[in-house]
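**Q** Here it is, the structure in full.
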Amino acid sequence: MTSILSDLAEEIEKISSYTVFGRVTAVLGMMVEIGGIERALAIGDRVHLNNKRGGKVTCEIVGFKDGRVLAMPFSGLDGIGVGSEAEIENADYRAYPTDSWLGRVINAMGQPIDEKGVLLGGTKGYPVRGTPPPAHTRSRIGPKVDVGVRAINTFLTVCEGQRMGIFSGSGVGKSILMSMIARFSSSEVNVIGLVGERGREVREFIQDYLGDEGLSKSVVIAATSDESPLMRRQAAYMTLAVAEAFRDSGKQVMCMMDSITRFAMAQREIGLASGEPPASKGYTPMVFSELPKLLERAGPGPEGTGSITGLFTVLVEGDDHNEPISDSVRGIIDGHIVLDRNIADKGRYPAIDILKSVSRMMPDCNTDDENRIVSKARSLLASYEEMADMIRLGAYRKGSDPKIDEAIVYYSSLEEFLSQDKNEKIKIEEGYQKLTEILHIDTPPDNEPSQINTTSTDEEIVEDYNENVS
């Protein structure tokens with residue numbers, strides 16, 4: 001009760017006893033200049049413009065120039081002209097998530113868009129543009145998270161509080177992979193941000209991919225590609241604010257965002273419109289300073305709270321995995337999952353390129369036996385891919401290299417192992433058990449290390465294979 005009264009008193013103190021007004025002095029594209037109130041505003045503040053049709057347009061302050069305030073609207077500027085009244089919004093914008101938000105779809109402003117009625121708010125507000133917890137107060141990375149996807153569980157294990165990137169070109173299966181994790185993950189709550197998504201795909205993602213099972217433990221924040229850059233950027237901030245609220249209530253949160261690239265594009269549009277000079281591929285310097293501020297909000301929470309496990313998709317432009325946003329994000333997060341178009345073209349889903357993907361937390365969260373199993377499988381896949389072109393052309397002579405011969409024997413089984421239907425849930429233990437069976441590794445008695453080197457069974461298989469070929 002004391003906490004509720006304290007939160008309420010804090011909100012009351014923010015209410016001003018007077019209102020400050022200014023006037024629009026110029027409108028250029030999506031940028032509005034406002035005069036008369038420049039000393040009363042700061043970057044990130046909001047104003048409401050009264051249009052000639054009796055409505056209001058909410059804007060955010062993005063810069064100052066020649067004694068004028070530069071503001072960008074969250075919606076269209078119809079009805080706004082020189083002389084339009086500008087009213088300062090006094091409140092610090094916050095979100096008030098509660099457990100009643102689970103199963104709901106909201107927009108970037110925290111308003112319901114799912115036609116399920118009023119969205120009830122809690123008593124504690126979370127700044128939409130919050131800051132990451134201080135590094136020295138954060139907990140350590142937690143135990144494994146079972147995401148229900150065999151390839152990730154075994155080769156790219158994710159831990160509580162880890163941040164992973166899903167790097168992919170368009171149409172390679174990011175949305176389906178995200179929906180599988182949302183439905184099958186062992187996390188208590190999903191917070192899913194759809195930033196700059198195609199309008200027709202939002203409902204498709206929620207109904208077909210996520211389904212009732214996934215939605216029941218999720219909050220979806222959606223801002224479509226036709227909305228203003230401020231709304232698209234705001235959707236990313238709102239996603240983390242909602243995740244922080246559930247984290248502070250002690251829950252293990254899976255925060256998924258599709259995509260970080262569209263967040264960066266929205267920030268680029270804002271920066272260029274406000275006069276910021278372009279840098280790498282047109283992205284402004286502010287883009288690269290905002291990325292770590294956003295991504296660092298995910299991760300382990302302060303002691304005594306839960307954690308936010310982050311999965312952030314990166315839409316790789318032109319399938320170039322070294323373009324500026326991919327490079328920057330890869331240096332911030334704790335691992336990356338690469339979806340390859342060539343693998344998808346062959347019909348294997350999820351199209352994860354195991355050899356180009358890595359989980360930085362994985363070696364420490366696995367047992368020695370699990371690490372040996374994964375290392376063995378990776379070695380076989382790498383050996384095959386090294387000679388893949390020659391094998392397909394028939395230029396490789398069987399028996400030339402026993403290691404390659406062994407890789408050829410196991411390759412089809414490993415490819416089948418990496419394939420999974422979107423409605424199939426596979427527990428993390430089942431993945432390791434299946435991989436052990438494929439590689440013909442004997443499970444050791446308790447407290448005894450296993451021998452992961454090629455066993456007599458493996459040798460017999462390779463010999464039989466070579467004899468049949470000859």
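Residues in the structure tokens are numbered from 1 in each chain, the chains being A, B, ... in the order shown, and ligands are numbered from 1 in the order shown.
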Extract, using only C-alpha atoms, all DNA, RNA and protein residues at most 7 Å from Met256 (chain A), discarding same-chain residues fewer than 4 positions from it, and format them as a ChimeraX atom specification.
**A** /A:191-193,310-312
**Q** If you take only C-alpha atoms and a cut-off of 12 Å, which residues of region 140-235 of chain A touch region 19-33 of chain A, and what are their nearest atom pairs and distances in Å to one decimal, in chain and number order, as CSV?
**A**
residue,atom,partner,partner_atom,distance
A:Ser228,CA,A:Met30,CA,9.1
A:Pro229,CA,A:Met30,CA,10.0
A:Leu230,CA,A:Met30,CA,10.7
**Q** Write out, as a PDB file, in the first residue's frame, the residues just selected, with all heavy atoms.
**A**
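File produced: out_1.pdb:
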ATOM      1  N   SER A 228       4.899   7.026 -38.910  1.00  0.00           N
ATOM      2  CA  SER A 228       6.011   7.980 -38.911  1.00  0.00           C
ATOM      3  C   SER A 228       7.260   7.354 -38.296  1.00  0.00           C
ATOM      4  O   SER A 228       7.170   6.405 -37.517  1.00  0.00           O
ATOM      5  CB  SER A 228       5.621   9.222 -38.118  1.00  0.00           C
ATOM      6  OG  SER A 228       5.567   8.916 -36.722  1.00  0.00           O
ATOM      7  N   PRO A 229       8.445   7.882 -38.641  1.00  0.00           N
ATOM      8  CA  PRO A 229       9.674   7.341 -38.040  1.00  0.00           C
ATOM      9  C   PRO A 229       9.683   7.433 -36.519  1.00  0.00           C
ATOM     10  O   PRO A 229      10.249   6.575 -35.846  1.00  0.00           O
ATOM     11  CB  PRO A 229      10.788   8.185 -38.667  1.00  0.00           C
ATOM     12  CG  PRO A 229      10.122   9.357 -39.289  1.00  0.00           C
ATOM     13  CD  PRO A 229       8.738   8.916 -39.638  1.00  0.00           C
ATOM     14  N   LEU A 230       9.030   8.462 -35.966  1.00  0.00           N
ATOM     15  CA  LEU A 230       8.951   8.571 -34.502  1.00  0.00           C
ATOM     16  C   LEU A 230       8.170   7.417 -33.901  1.00  0.00           C
ATOM     17  O   LEU A 230       8.538   6.883 -32.853  1.00  0.00           O
ATOM     18  CB  LEU A 230       8.295   9.892 -34.101  1.00  0.00           C
ATOM     19  CG  LEU A 230       9.187  11.138 -34.037  1.00  0.00           C
ATOM     20  CD1 LEU A 230       8.375  12.336 -33.584  1.00  0.00           C
ATOM     21  CD2 LEU A 230      10.363  10.930 -33.109  1.00  0.00           C
TER      22      LEU A 230
END
**Q** Once DSSP has gone over the backbone, tell me which residues of region 143-281 of chain A are in strand (DSSP E or B), as a PyMOL selection string.
**A** chain A and resi 144-145+158-159+163-168+189-197+218-224+252-258
**Q** Which residues are near Pro300 (chain A)? Cut-off 8 Å, only C-alpha atoms, ignore same chain within fewer than 2 positions. Put them as a count of residues only.
**A** 14
**Q** Find, counting only C-alpha atoms, the residue in A:Asn322, A:Ser274, A:Ser216, A:Thr154 that gets nearest to Ile43 (chain A).
**A**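 Between A:Asn322, A:Ser274, A:Ser216, A:Thr154, the residue approaching Ile43 (chain A) most closely is A:Ser274.
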**Q** Rounded to one decimal place, report the CA of Lys251 (chain A)-CA of Asn190 (chain A) distance in Å.
**A** 10.3 Å
**Q** Contacts of Val374 (chain A) at 12 Å or less, counting only C-alpha atoms, minus same-chain residues fewer than 6 places along, as a compact mmCIF listing (two decimals) with N, CA and C atoms, in the first residue's frame?
**A**
# COMPACT_ATOMS: atom_id res chain seq x y z
N ALA A 151 18.01 -26.85 -33.27
CA ALA A 151 19.29 -26.32 -33.74
C ALA A 151 19.86 -25.29 -32.78
N ILE A 152 18.98 -24.44 -32.22
CA ILE A 152 19.45 -23.42 -31.28
C ILE A 152 19.77 -24.03 -29.93
N ASN A 153 18.91 -24.91 -29.44
CA ASN A 153 19.13 -25.53 -28.13
C ASN A 153 20.47 -26.26 -28.04
N THR A 154 20.87 -26.93 -29.12
CA THR A 154 22.09 -27.74 -29.08
C THR A 154 23.33 -26.97 -29.53
N PHE A 155 23.26 -26.31 -30.67
CA PHE A 155 24.44 -25.67 -31.23
C PHE A 155 24.63 -24.22 -30.79
N LEU A 156 23.55 -23.56 -30.36
CA LEU A 156 23.60 -22.13 -30.04
C LEU A 156 22.82 -21.84 -28.78
N THR A 157 23.12 -22.58 -27.73
CA THR A 157 22.34 -22.51 -26.50
C THR A 157 22.23 -21.08 -25.97
N ILE A 354 24.88 -23.01 -39.10
CA ILE A 354 25.50 -23.31 -37.81
C ILE A 354 26.95 -22.83 -37.76
N LEU A 355 27.68 -22.97 -38.86
CA LEU A 355 29.10 -22.65 -38.86
C LEU A 355 29.36 -21.15 -38.79
N VAL A 358 27.09 -18.19 -33.61
CA VAL A 358 27.82 -18.44 -32.36
C VAL A 358 27.02 -17.92 -31.17
N MET A 362 27.61 -20.07 -24.57
CA MET A 362 27.39 -21.51 -24.65
C MET A 362 28.47 -22.37 -23.99
N PRO A 363 29.73 -22.15 -24.23
CA PRO A 363 30.72 -23.06 -23.63
C PRO A 363 30.63 -23.15 -22.11
N ASN A 366 27.29 -25.16 -20.74
CA ASN A 366 27.20 -26.58 -21.07
C ASN A 366 28.12 -27.41 -20.19
N THR A 367 27.81 -28.71 -20.09
CA THR A 367 28.73 -29.63 -19.45
C THR A 367 29.86 -29.96 -20.44
N ASP A 368 30.91 -30.56 -19.95
CA ASP A 368 32.03 -30.94 -20.83
C ASP A 368 31.57 -31.92 -21.90
N LEU A 380 32.36 -32.14 -38.13
CA LEU A 380 31.89 -32.90 -39.28
C LEU A 380 31.24 -31.99 -40.32
N LEU A 381 30.42 -31.03 -39.85
CA LEU A 381 29.79 -30.10 -40.78
C LEU A 381 30.82 -29.24 -41.49
N LEU A 414 22.85 -35.11 -40.04
CA LEU A 414 22.97 -33.84 -39.33
C LEU A 414 22.06 -32.78 -39.95
N GLY A 431 17.21 -32.85 -27.79
CA GLY A 431 18.15 -32.46 -28.83
C GLY A 431 19.51 -33.11 -28.63
N TYR A 432 20.04 -33.04 -27.41
CA TYR A 432 21.34 -33.64 -27.13
C TYR A 432 21.29 -35.16 -27.25
N GLN A 433 20.18 -35.74 -26.82
CA GLN A 433 20.04 -37.20 -26.91
C GLN A 433 20.05 -37.64 -28.37
N LYS A 434 19.30 -36.91 -29.22
CA LYS A 434 19.24 -37.25 -30.64
C LYS A 434 20.60 -37.08 -31.31
N LEU A 435 21.30 -36.00 -30.97
CA LEU A 435 22.62 -35.76 -31.56
C LEU A 435 23.61 -36.84 -31.14
N THR A 436 23.50 -37.29 -29.90
CA THR A 436 24.35 -38.37 -29.41
C THR A 436 24.11 -39.66 -30.18
N ILE A 438 22.89 -39.90 -33.28
CA ILE A 438 23.35 -39.73 -34.66
C ILE A 438 24.85 -39.98 -34.77
N LEU A 439 25.60 -39.45 -33.79
CA LEU A 439 27.06 -39.56 -33.83
C LEU A 439 27.58 -40.87 -33.24
N ILE A 441 27.59 -41.97 -30.14
CA ILE A 441 28.37 -41.73 -28.93
C ILE A 441 27.70 -42.45 -27.78
N ILE A 452 34.41 -38.94 -26.94
CA ILE A 452 33.70 -38.39 -28.10
C ILE A 452 34.46 -38.63 -29.40
**Q** So, counting only C-alpha atoms, which residue among A:Thr137, A:Ser179, A:Ser225, A:Gln252 is closest to Cys159 (chain A)?
**A**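 The shortest atom-to-atom distance to Cys159 (chain A) comes from A:Gln252.
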**Q** Please compute the CA of Gly35 (chain A)-CA of Asp92 (chain A) distance, one decimal, in Å.
**A**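 These atoms are spaced 21.6 Å apart.
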**Q** Pick out the residues sitting within 10 Å of Val172 (chain A), and hand them over as a list of chain:residue names; count only C-alpha atoms, and ignore anything fewer than 5 positions along from it in its own chain.
**A**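 Listed by chain and then number, they are A:Phe167, A:Leu177, A:Leu339, A:Asp340, A:Arg341, A:Asn342, A:Ile343, A:Ala344, A:Asp345, A:Tyr349, A:Pro350, A:Ala351, A:Ile352.
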**Q** Can I get the selected residues back with N, CA and C atoms, as a short mmCIF file (atom, residue, chain, number, x, y, z; two decimals), in the first residue's frame?
**A**
data_model
loop_
_atom_site.label_atom_id
_atom_site.label_comp_id
_atom_site.auth_asym_id
_atom_site.auth_seq_id
_atom_site.Cartn_x
_atom_site.Cartn_y
_atom_site.Cartn_z
N PHE A 167 20.33 -12.72 -37.70
CA PHE A 167 20.75 -11.97 -38.88
C PHE A 167 20.23 -12.69 -40.12
N LEU A 177 10.71 -18.27 -37.22
CA LEU A 177 11.60 -18.67 -36.14
C LEU A 177 11.23 -17.96 -34.85
N LEU A 339 20.75 -16.71 -40.54
CA LEU A 339 19.86 -17.44 -41.44
C LEU A 339 20.37 -17.24 -42.87
N ASP A 340 20.58 -18.33 -43.58
CA ASP A 340 21.21 -18.29 -44.90
C ASP A 340 20.18 -18.55 -46.00
N ARG A 341 20.16 -17.68 -47.00
CA ARG A 341 19.20 -17.82 -48.10
C ARG A 341 19.44 -19.10 -48.89
N ASN A 342 20.71 -19.49 -49.09
CA ASN A 342 21.02 -20.71 -49.85
C ASN A 342 20.47 -21.95 -49.16
N ILE A 343 20.54 -21.97 -47.82
CA ILE A 343 19.99 -23.10 -47.07
C ILE A 343 18.46 -23.12 -47.20
N ALA A 344 17.84 -21.94 -47.13
CA ALA A 344 16.39 -21.86 -47.29
C ALA A 344 15.97 -22.32 -48.68
N ASP A 345 16.77 -21.96 -49.70
CA ASP A 345 16.45 -22.36 -51.07
C ASP A 345 16.48 -23.89 -51.24
N TYR A 349 14.41 -25.78 -43.13
CA TYR A 349 13.99 -24.74 -42.20
C TYR A 349 14.04 -25.29 -40.78
N PRO A 350 14.42 -24.45 -39.79
CA PRO A 350 14.93 -23.10 -39.96
C PRO A 350 16.28 -23.10 -40.68
N ALA A 351 16.49 -22.08 -41.51
CA ALA A 351 17.68 -22.04 -42.37
C ALA A 351 18.89 -21.47 -41.63
N ILE A 352 19.23 -22.07 -40.49
CA ILE A 352 20.34 -21.57 -39.66
C ILE A 352 21.66 -22.11 -40.18
#
